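Right, one structure below, let's go through it.
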Amino acid sequence: MDVNLHTNMILLDVSIERLLETGEAAPRLADVNIELGRGEWVNLVGVNGSGKSTLGRLLAGLAIAGVRGTWNRGFAGTMPSPYVMQQPDAQLFAETPREEIRFALEWQGLAPEAILRETEAILLETGLLAIADLPWDKLSGGQRQLAAVAAAAASRTPLIVFDEATSMLDEQSRRGVREIAAKLNREGTAVVWVTQRLQEIGAKDRAVAMSAGRIVFDGSGGQFLYGRDYPHAVGSEAPPCMACGLRLPYVSRMAIELARLGKLKPPFPETTADWESALRQVAAR
Ligand SMILES: Nc1ncnc2c1ncn2[C@@H]1O[C@H](COP(=O)(O)OP(=O)(O)OP(=O)(O)O)[C@@H](O)[C@H]1O
């Protein structure tokens with residue numbers, strides 16, 4: 001057995017340079033240090049061009065030229081992990097959702113009956129059964145992305161990287177993809193979730209933020225939005241989120257303002273139901 005399978009994935013001082021049009025070298029990744037545990041969920045955030053996709057691809061084990069540093073993919077093994085991108089079309093191999101999922105299962109060398117059984121179960125679970133045999137051009141972008149994610153999930157790898165996989169989707173498809181990722185994670189798959197949607201990150205979830213190729217923050221979602229003292233207090237200085245050029249989500253700005261007025265104390269509500277009850281209390285005071 002591979003002794004690495006129970007160890008964390010580790011990148012130490014990893015850098016990649018890129019050449020600018022002027023001929024100068026600029027960092028694509030600079031001195032990146034990160035550790036990822038088996039079954040962990042990591043949110044990777046940062047402004048456009050900050051290096052999220054490059055790091056995501058590296059964590060997925062995809063080859064990138066010119067990488068320097070040390071890395072060990074530990075529990076993720078030596079084979080590349082599925083890397084789900086924004087645009088589904090570049091990652092679809094087969095002609096229909098059913099074939100796409102069957103291919104992923106065939107790669108694992110399952111027996112034909114097991115492939116048939118699993119394919120049906122996955123199609124049913126992901127809500128793709130009714131459109132399982134339609135060609136891609138008869139499906140919406142959201143349905144094609146769901147099929148790509150279902151196939152990635154079928155491959156049962158210890159890690160999946162989602163690179164802004166829901167950014168082009170409507171709310172229903174977005175929820176569908178997110179649910180598949182959450183289920184995989186509950187079952188033990190580590191997930192790297194690259195996103196620009198900060199409202200997706202829970203206060204206790206791990207957030208890793210990048211800026212100009214560097215990791216500039218690695219901590220909880222709450223600390224990223226409200227400062228290092230969260231949930232005990234809200235920092236008076238710009239939180240790490242703003243320091244790396246991202247806008248605070250609307251609800252976070254509202255929470256900070258209510259805290260400043262003395263009407264709300266951290267930890268702040270997270271679900272819609274908790275917000276409704278908190279706002280009722282604020283209004284009643
Ligand atoms: N194949 C490549 N060769 C050279 N430079 C690249 C390559 N791909 C990306 N870059 C550059 O590396 C930097 C980081 O890009 P990357 O795509 O990793 O960032 P990102 O945070 O994912 O951005 P976005 O949100 O726009 O996808 C950018 O300056 C980008 O222009």
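Letters A, B, ... mark the chains of the structure tokens in the order given; residue numbers begin at 1 per chain; ligand numbers begin at 1, in order shown.
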
Could you please extract the residues within 6 Å of ligand 1, counting only C-alpha atoms and all ligand atoms, and hand them back as a PyMOL selection string?
chain A and resi 18+28+46-54

Write out as a short mmCIF file (atom, residue, chain, number, x, y, z; two decimals) with C-alpha atoms, in the first residue's frame the residues lying within 9 Å of Ile16 (chain A), counting only C-alpha atoms and excluding same-chain residues fewer than 2 positions away.
```
data_model
loop_
_atom_site.label_atom_id
_atom_site.label_comp_id
_atom_site.auth_asym_id
_atom_site.auth_seq_id
_atom_site.Cartn_x
_atom_site.Cartn_y
_atom_site.Cartn_z
CA VAL A 14 6.58 26.51 -4.41
CA ARG A 18 6.07 33.75 -15.98
CA ALA A 26 7.03 37.95 -12.75
CA PRO A 27 5.69 35.46 -10.20
CA ARG A 28 2.78 33.27 -11.21
CA LEU A 29 3.15 31.60 -7.82
CA ALA A 30 5.58 32.90 -5.19
CA ASP A 31 6.81 30.94 -2.14
CA ILE A 64 2.79 22.95 -14.98
CA ALA A 65 6.11 23.88 -16.56
CA GLY A 66 8.77 25.63 -14.50
CA VAL A 67 7.59 24.72 -10.98
CA ARG A 68 10.22 25.11 -8.26
CA GLY A 69 9.97 23.96 -4.65
CA GLY A 213 0.79 34.62 -6.62
#
```

Can you list every residue in region 13-62 of chain A that DSSP puts in strand (DSSP E), as a PyMOL selection string?
chain A and resi 13-19+25-36+41-46

Could you state the separation of CA of Pro88 (chain A) and CA of Ala147 (chain A) in Å, given to one decimal place?
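Separation of CA of Pro88 (chain A) and CA of Ala147 (chain A): 8.5 Å.
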
Residues within 12 Å of Tyr230 (chain A), please, as a VMD selection string. Count only C-alpha atoms; anything in the same chain fewer than 2 positions from it doesn't count.
chain A and resid 203 to 204 219 to 228 232 to 236 239 to 240 256 265 to 268

Please report the interatomic distance between CA of Leu5 (chain A) and CA of Gly74 (chain A) in Å with one decimal.
5.6 Å

Just asking: which residues within region 93-178 of chain A are alpha helix (DSSP H) according to DSSP, as number ranges by chain?
A: 97-107, 112-125, 141-154, 171-178

Suppose we keep N, CA and C atoms; can you now write the selection as a short mmCIF file (atom, residue, chain, number, x, y, z; two decimals), in the first residue's frame?
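For reference, again_16.cif as written:
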```
data_model
loop_
_atom_site.label_atom_id
_atom_site.label_comp_id
_atom_site.auth_asym_id
_atom_site.auth_seq_id
_atom_site.Cartn_x
_atom_site.Cartn_y
_atom_site.Cartn_z
N PRO A 97 -24.63 12.44 -21.07
CA PRO A 97 -24.33 12.29 -19.63
C PRO A 97 -24.10 10.83 -19.22
N ARG A 98 -24.94 9.92 -19.75
CA ARG A 98 -24.79 8.50 -19.34
C ARG A 98 -23.41 7.96 -19.73
N GLU A 99 -23.00 8.28 -20.98
CA GLU A 99 -21.68 7.79 -21.45
C GLU A 99 -20.55 8.42 -20.64
N GLU A 100 -20.72 9.69 -20.31
CA GLU A 100 -19.68 10.41 -19.58
C GLU A 100 -19.41 9.73 -18.23
N ILE A 101 -20.52 9.39 -17.56
CA ILE A 101 -20.39 8.75 -16.24
C ILE A 101 -19.85 7.33 -16.40
N ARG A 102 -20.33 6.64 -17.44
CA ARG A 102 -19.85 5.26 -17.67
C ARG A 102 -18.34 5.25 -17.92
N PHE A 103 -17.85 6.21 -18.70
CA PHE A 103 -16.41 6.29 -18.97
C PHE A 103 -15.62 6.42 -17.67
N ALA A 104 -16.13 7.31 -16.79
CA ALA A 104 -15.41 7.55 -15.53
C ALA A 104 -15.34 6.27 -14.71
N LEU A 105 -16.43 5.49 -14.75
CA LEU A 105 -16.45 4.23 -13.98
C LEU A 105 -15.57 3.17 -14.65
N GLU A 106 -15.54 3.18 -15.98
CA GLU A 106 -14.69 2.20 -16.69
C GLU A 106 -13.22 2.41 -16.35
N TRP A 107 -12.84 3.69 -16.18
CA TRP A 107 -11.46 4.01 -15.83
C TRP A 107 -11.03 3.34 -14.54
N PRO A 112 -18.53 -4.94 -15.56
CA PRO A 112 -19.61 -4.36 -16.37
C PRO A 112 -20.94 -4.19 -15.61
N GLU A 113 -21.32 -5.21 -14.79
CA GLU A 113 -22.61 -5.07 -14.07
C GLU A 113 -22.54 -3.93 -13.06
N ALA A 114 -21.39 -3.80 -12.40
CA ALA A 114 -21.22 -2.73 -11.40
C ALA A 114 -21.28 -1.37 -12.10
N ILE A 115 -20.71 -1.30 -13.31
CA ILE A 115 -20.73 -0.03 -14.05
C ILE A 115 -22.17 0.36 -14.39
N LEU A 116 -22.94 -0.63 -14.85
CA LEU A 116 -24.35 -0.36 -15.19
C LEU A 116 -25.11 0.14 -13.96
N ARG A 117 -24.94 -0.59 -12.84
CA ARG A 117 -25.66 -0.28 -11.60
C ARG A 117 -25.29 1.12 -11.09
N GLU A 118 -23.97 1.37 -11.04
CA GLU A 118 -23.49 2.67 -10.51
C GLU A 118 -23.92 3.82 -11.40
N THR A 119 -23.87 3.61 -12.71
CA THR A 119 -24.26 4.69 -13.65
C THR A 119 -25.70 5.10 -13.38
N GLU A 120 -26.58 4.11 -13.25
CA GLU A 120 -27.99 4.42 -13.01
C GLU A 120 -28.14 5.16 -11.68
N ALA A 121 -27.43 4.68 -10.65
CA ALA A 121 -27.56 5.29 -9.32
C ALA A 121 -27.10 6.76 -9.36
N ILE A 122 -25.99 7.01 -10.05
CA ILE A 122 -25.46 8.39 -10.10
C ILE A 122 -26.40 9.29 -10.89
N LEU A 123 -26.92 8.77 -12.03
CA LEU A 123 -27.85 9.58 -12.84
C LEU A 123 -29.08 9.96 -12.02
N LEU A 124 -29.57 9.00 -11.23
CA LEU A 124 -30.75 9.23 -10.42
C LEU A 124 -30.45 10.27 -9.34
N GLU A 125 -29.33 10.07 -8.67
CA GLU A 125 -28.95 10.93 -7.54
C GLU A 125 -28.71 12.38 -7.97
N GLY A 141 -26.01 24.78 -20.33
CA GLY A 141 -24.67 24.82 -19.73
C GLY A 141 -24.69 24.21 -18.33
N GLY A 142 -25.75 24.50 -17.58
CA GLY A 142 -25.86 23.98 -16.21
C GLY A 142 -25.97 22.46 -16.20
N GLN A 143 -26.75 21.92 -17.14
CA GLN A 143 -26.91 20.45 -17.21
C GLN A 143 -25.59 19.80 -17.63
N ARG A 144 -24.86 20.45 -18.57
CA ARG A 144 -23.57 19.88 -18.99
C ARG A 144 -22.57 19.92 -17.83
N GLN A 145 -22.62 21.01 -17.06
CA GLN A 145 -21.69 21.10 -15.92
C GLN A 145 -22.04 20.05 -14.87
N LEU A 146 -23.34 19.84 -14.65
CA LEU A 146 -23.75 18.80 -13.69
C LEU A 146 -23.22 17.44 -14.12
N ALA A 147 -23.30 17.16 -15.43
CA ALA A 147 -22.80 15.87 -15.95
C ALA A 147 -21.29 15.77 -15.74
N ALA A 148 -20.58 16.87 -15.99
CA ALA A 148 -19.12 16.84 -15.80
C ALA A 148 -18.78 16.58 -14.33
N VAL A 149 -19.54 17.22 -13.43
CA VAL A 149 -19.28 17.05 -12.00
C VAL A 149 -19.65 15.63 -11.56
N ALA A 150 -20.77 15.12 -12.09
CA ALA A 150 -21.18 13.76 -11.74
C ALA A 150 -20.12 12.75 -12.17
N ALA A 151 -19.53 12.98 -13.35
CA ALA A 151 -18.48 12.07 -13.84
C ALA A 151 -17.23 12.19 -12.97
N ALA A 152 -16.89 13.41 -12.59
CA ALA A 152 -15.72 13.60 -11.72
C ALA A 152 -15.96 12.90 -10.38
N ALA A 153 -17.19 13.03 -9.87
CA ALA A 153 -17.53 12.40 -8.59
C ALA A 153 -17.47 10.88 -8.71
N ALA A 154 -17.89 10.36 -9.89
CA ALA A 154 -17.91 8.91 -10.10
C ALA A 154 -16.50 8.33 -10.05
N GLU A 171 -29.07 29.55 -10.49
CA GLU A 171 -29.11 29.20 -9.07
C GLU A 171 -29.37 27.71 -8.84
N GLN A 172 -30.26 27.13 -9.64
CA GLN A 172 -30.61 25.71 -9.42
C GLN A 172 -29.42 24.79 -9.75
N SER A 173 -28.75 25.03 -10.89
CA SER A 173 -27.60 24.19 -11.25
C SER A 173 -26.47 24.42 -10.24
N ARG A 174 -26.33 25.66 -9.80
CA ARG A 174 -25.28 25.98 -8.82
C ARG A 174 -25.48 25.16 -7.56
N ARG A 175 -26.75 25.12 -7.12
CA ARG A 175 -27.05 24.34 -5.90
C ARG A 175 -26.76 22.87 -6.13
N GLY A 176 -27.11 22.37 -7.35
CA GLY A 176 -26.89 20.96 -7.68
C GLY A 176 -25.42 20.59 -7.60
N VAL A 177 -24.58 21.42 -8.21
CA VAL A 177 -23.13 21.14 -8.21
C VAL A 177 -22.58 21.21 -6.78
N ARG A 178 -23.03 22.23 -6.06
CA ARG A 178 -22.55 22.42 -4.69
C ARG A 178 -22.96 21.21 -3.81
#
```
